[in-house]
Amino acid sequence: MTRLLLCDDHAMFRQGLKSILETEEGFRVIGEVATGRGAVRYALETRPDIVLMDIQMPELDGVAATKAILEAQPDIGVIILTMYRQDRYVFEAIKAGARGYLLKDAGAGDLVDAIRRVADGETLLNAEMAASILGEFRKVGEMLRHPEHTISELTEREADILKLLAQGNSNQEIARALNVSEKTVRNRLSEIFSKLCLNNRTQAALYALREGIASLRDSS
């Protein structure tokens with residue numbers, strides 16, 4: 001059962017999300033909050049699997065709330081809700097550890113698919129967003145660098161998985177492309193993260209782009 005926390009200051013929007021999600025098998029909405037501080041407090045008390053986080057909320061915005069939640073509970077999957085694809089706050093939230101973003105006008109199918117993918121450990125990061133974040137890291141010099149951990153430590157199959165991940169493929173799509181099981185993909189990803197000292201799929205995708213393992217043209 002995937003436990004969900006809805007964070008948005010508009011009651012009608014929350015009610016709409018709840019009505020969609022409660023009809024889906026395997027989902028349970030465990031709470032709704034209208035402020036950023038409320039989101040942090042509720043998330044740390046109840047430890048949901050997924051938090052749907054609005055960017056603009058009273059008391060504490062979605063970026064600050066995401067940082068506070070993930071510093072204490074890094075395994076919680078935060079999906080940012082936004083009206084605008086190019087919202088700068090979305091970049092900041094993903095850099096803080098959010099697993100991706102979803103436009104508020106997305107269809108019910110896209111919403112459900114996004115939640116299922118993040119619950120399965122994936123990250124919602126398209127080529128456009130990857131380019132923006134990569135540019136931000138380069139500009140401020142924040143790109144992860146671990147000289148003692150290099151791409152040469154990966155096996156050929158691990159490098160293939162990393163490239164497919166950076167191209168925006170889900171675990172299922174990677175498994176199908178390489179003719180292996182999804183469990184194998186998940187296990188190999190854990191090995192990749194460990195070898196390269198990375199924490200999540202977002203960092204792995206950015207690493208692959210930085211090292212030239214994949215290109216943004218591949219991800220388009």
# chains A, B, ... in the order shown; residues from 1 in each chain; ligands from 1
call {"tool": "select_by_dssp", "arguments": {"residues": "region 49-216 of chain A", "states": "strand (DSSP E)", "output": "list in words"}}
result
Ile50, Val51, Leu52, Met53, Asp54, Gly77, Val78, Ile79, Ile80, Leu81, Thr82, Gly100, Tyr101, Leu102 and Leu103 of chain A
call {"tool": "residues_around", "arguments": {"residues": "Ile79 (chain A)", "least_positions_apart": "3", "cutoff": "7 Å", "atoms": "only C-alpha atoms", "output": "list of chain:residue names"}}
result
A:Val51, A:Leu52, A:Met53, A:Ala98, A:Arg99, A:Gly100, A:Tyr101, A:Leu102
call {"tool": "select_by_dssp", "arguments": {"residues": "region 2-214 of chain A", "states": "alpha helix (DSSP H)", "output": "VMD selection string"}}
result
chain A and resid 11 to 21 36 to 46 62 to 72 88 to 95 108 to 119 127 to 140 156 to 166 171 to 178 182 to 196 201 to 210
call {"tool": "residues_around", "arguments": {"residues": "Gly77 (chain A)", "least_positions_apart": "2", "cutoff": "10 Å", "atoms": "only C-alpha atoms", "output": "CSV table (one decimal) with N, CA, C and O atoms, in the first residue's frame"}}
result
chain,number,residue,atom,x,y,z
A,4,LEU,N,0.1,8.2,1.0
A,4,LEU,CA,0.3,9.5,0.3
A,4,LEU,C,-0.1,10.7,1.3
A,4,LEU,O,-1.1,10.6,2.0
A,48,PRO,N,5.0,9.2,5.3
A,48,PRO,CA,4.3,8.7,4.1
A,48,PRO,C,5.4,8.2,3.1
A,48,PRO,O,6.5,8.5,3.2
A,49,ASP,N,4.9,7.4,2.2
A,49,ASP,CA,5.8,6.9,1.1
A,49,ASP,C,6.0,8.0,0.1
A,49,ASP,O,7.1,8.2,-0.4
A,50,ILE,N,4.9,8.8,-0.2
A,50,ILE,CA,5.0,9.8,-1.2
A,50,ILE,C,4.4,11.1,-0.7
A,50,ILE,O,3.3,11.0,-0.1
A,51,VAL,N,5.0,12.2,-0.9
A,51,VAL,CA,4.4,13.5,-0.6
A,51,VAL,C,4.2,14.3,-1.9
A,51,VAL,O,5.2,14.4,-2.7
A,52,LEU,N,3.0,14.7,-2.2
A,52,LEU,CA,2.7,15.6,-3.3
A,52,LEU,C,2.8,17.0,-2.8
A,52,LEU,O,1.9,17.4,-1.9
A,66,THR,N,10.4,20.7,1.5
A,66,THR,CA,11.1,19.5,0.9
A,66,THR,C,12.4,19.3,1.6
A,66,THR,O,12.8,18.2,1.9
A,69,ILE,N,12.0,18.0,5.2
A,69,ILE,CA,11.5,16.6,5.2
A,69,ILE,C,12.6,15.6,4.8
A,69,ILE,O,12.9,14.6,5.5
A,70,LEU,N,13.3,15.9,3.8
A,70,LEU,CA,14.3,14.9,3.2
A,70,LEU,C,15.6,14.9,4.1
A,70,LEU,O,16.3,13.9,4.1
A,73,GLN,N,14.1,12.5,6.7
A,73,GLN,CA,13.6,11.2,6.2
A,73,GLN,C,13.9,11.2,4.7
A,73,GLN,O,13.1,11.4,3.8
A,74,PRO,N,15.2,10.9,4.3
A,74,PRO,CA,15.6,10.9,2.9
A,74,PRO,C,14.9,9.9,2.0
A,74,PRO,O,14.9,10.0,0.8
A,75,ASP,N,14.2,8.9,2.6
A,75,ASP,CA,13.6,7.8,1.8
A,75,ASP,C,12.2,8.2,1.3
A,75,ASP,O,11.6,7.5,0.5
A,79,ILE,N,7.2,14.6,-4.7
A,79,ILE,CA,6.9,15.0,-6.1
A,79,ILE,C,6.4,16.5,-6.0
A,79,ILE,O,5.4,16.7,-5.3
A,80,ILE,N,7.0,17.4,-6.7
A,80,ILE,CA,6.6,18.8,-6.7
A,80,ILE,C,5.4,19.0,-7.6
A,80,ILE,O,5.4,18.6,-8.7
A,97,GLY,N,16.5,17.2,-3.4
A,97,GLY,CA,16.2,15.8,-3.3
A,97,GLY,C,14.8,15.4,-3.7
A,97,GLY,O,14.5,14.2,-3.7
A,98,ALA,N,14.0,16.3,-4.2
A,98,ALA,CA,12.7,15.9,-4.7
A,98,ALA,C,12.9,15.0,-5.9
A,98,ALA,O,13.9,15.1,-6.7
A,99,ARG,N,12.0,14.0,-6.1
A,99,ARG,CA,12.2,13.0,-7.1
A,99,ARG,C,11.7,13.4,-8.5
A,99,ARG,O,11.8,12.7,-9.5
A,100,GLY,N,11.1,14.6,-8.6
A,100,GLY,CA,10.6,15.1,-9.8
A,100,GLY,C,9.5,16.1,-9.6
A,100,GLY,O,9.2,16.6,-8.5
A,115,ILE,N,3.2,8.8,-9.5
A,115,ILE,CA,3.3,8.3,-8.2
A,115,ILE,C,3.8,6.8,-8.1
A,115,ILE,O,4.7,6.5,-7.3
A,118,VAL,N,7.6,6.8,-8.8
A,118,VAL,CA,8.4,7.3,-7.7
A,118,VAL,C,8.4,6.3,-6.6
A,118,VAL,O,9.4,6.1,-5.9
A,119,ALA,N,7.2,5.7,-6.3
A,119,ALA,CA,7.1,4.7,-5.3
A,119,ALA,C,8.0,3.5,-5.6
A,119,ALA,O,8.5,2.8,-4.6
A,120,ASP,N,8.3,3.3,-6.9
A,120,ASP,CA,9.1,2.2,-7.3
A,120,ASP,C,10.6,2.6,-7.3
A,120,ASP,O,11.5,1.8,-7.7
A,121,GLY,N,10.9,3.8,-6.8
A,121,GLY,CA,12.3,4.2,-6.7
A,121,GLY,C,12.8,5.0,-7.9
A,121,GLY,O,14.0,5.3,-7.9
A,122,GLU,N,12.0,5.3,-8.8
A,122,GLU,CA,12.4,6.1,-10.0
A,122,GLU,C,12.3,7.6,-9.7
A,122,GLU,O,11.8,8.1,-8.7
A,123,THR,N,12.9,8.3,-10.7
A,123,THR,CA,12.9,9.8,-10.6
A,123,THR,C,12.3,10.3,-11.9
A,123,THR,O,12.6,9.8,-13.0
call {"tool": "closest_residue", "arguments": {"among": "A:Val112, A:Ile30, A:Val185, A:Ala96", "to": "Asn199 (chain A)", "atoms": "only C-alpha atoms"}}
result
A:Ala96
call {"tool": "atom_distance", "arguments": {"atom1": "CA of Met12 (chain A)", "atom2": "CA of Ala39 (chain A)"}}
result
17.3 Å
call {"tool": "closest_residue", "arguments": {"among": "A:Ala114, A:Ile213, A:Cys197, A:Leu44", "to": "Ser170 (chain A)", "atoms": "only C-alpha atoms"}}
result
A:Ala114
call {"tool": "atom_distance", "arguments": {"atom1": "CA of Ser194 (chain A)", "atom2": "CA of Glu158 (chain A)"}}
result
11.8 Å
call {"tool": "closest_residue", "arguments": {"among": "A:Leu124, A:Leu189, A:Cys7, A:Ala177", "to": "Leu154 (chain A)", "atoms": "only C-alpha atoms"}}
result
A:Leu189
call {"tool": "residues_around", "arguments": {"residues": "Leu6 (chain A)", "least_positions_apart": "6", "cutoff": "8 Å", "atoms": "only C-alpha atoms", "output": "list in words"}}
result
Arg14, Leu17, Lys18, Val29, Gly31, Glu32, Val33, Val51, Leu52 and Met53 of chain A
call {"tool": "closest_residue", "arguments": {"among": "A:Ala204, A:Leu21, A:Met1, A:Ala214", "to": "Gly109 (chain A)", "atoms": "only C-alpha atoms"}}
result
A:Leu21
call {"tool": "residues_around", "arguments": {"residues": "Asp105 (chain A)", "least_positions_apart": "5", "cutoff": "12 Å", "atoms": "only C-alpha atoms", "output": "list in words"}}
result
Phe13, Gly16, Leu17, Leu81, Thr82, Met83, Tyr84, Arg85, Asp110 and Leu111 of chain A
call {"tool": "write_last_selection", "arguments": {"atoms": "C-alpha atoms", "output": "CSV table (one decimal), in the first residue's frame"}}
result
chain,number,residue,atom,x,y,z
A,13,PHE,CA,-7.4,21.1,-5.5
A,16,GLY,CA,-9.7,16.7,-6.4
A,17,LEU,CA,-6.4,14.9,-6.0
A,81,LEU,CA,3.3,20.2,-7.9
A,82,THR,CA,3.7,23.3,-10.1
A,83,MET,CA,1.7,25.4,-12.6
A,84,TYR,CA,4.8,26.2,-14.6
A,85,ARG,CA,7.4,23.8,-16.2
A,110,ASP,CA,-0.1,10.9,-15.6
A,111,LEU,CA,-0.6,11.6,-11.9
call {"tool": "atom_distance", "arguments": {"atom1": "CA of Gly26 (chain A)", "atom2": "CA of Thr2 (chain A)"}}
result
5.9 Å
call {"tool": "residues_around", "arguments": {"residues": "Gln203 (chain A)", "least_positions_apart": "3", "cutoff": "9 Å", "atoms": "only C-alpha atoms", "output": "list in words"}}
result
Lys95, Leu144, Phe193, Leu198, Asn199, Asn200, Leu206, Tyr207 and Ala208 of chain A
call {"tool": "residues_around", "arguments": {"residues": "Gly62 (chain A)", "least_positions_apart": "6", "cutoff": "7 Å", "atoms": "only C-alpha atoms", "output": "list in words"}}
result
Gly36, Met53, Asp54, Ile55 and Gln56 of chain A
call {"tool": "write_last_selection", "arguments": {"atoms": "C-alpha atoms", "output": "PDB file, in the first residue's frame"}}
result
ATOM      1  CA  GLY A  36       4.597  24.153   4.486  1.00  0.00           C
ATOM      2  CA  MET A  53       4.143  19.043  -2.537  1.00  0.00           C
ATOM      3  CA  ASP A  54       2.854  22.370  -3.830  1.00  0.00           C
ATOM      4  CA  ILE A  55       5.577  24.938  -4.477  1.00  0.00           C
ATOM      5  CA  GLN A  56       3.692  27.988  -3.201  1.00  0.00           C
TER       6      GLN A  56
END
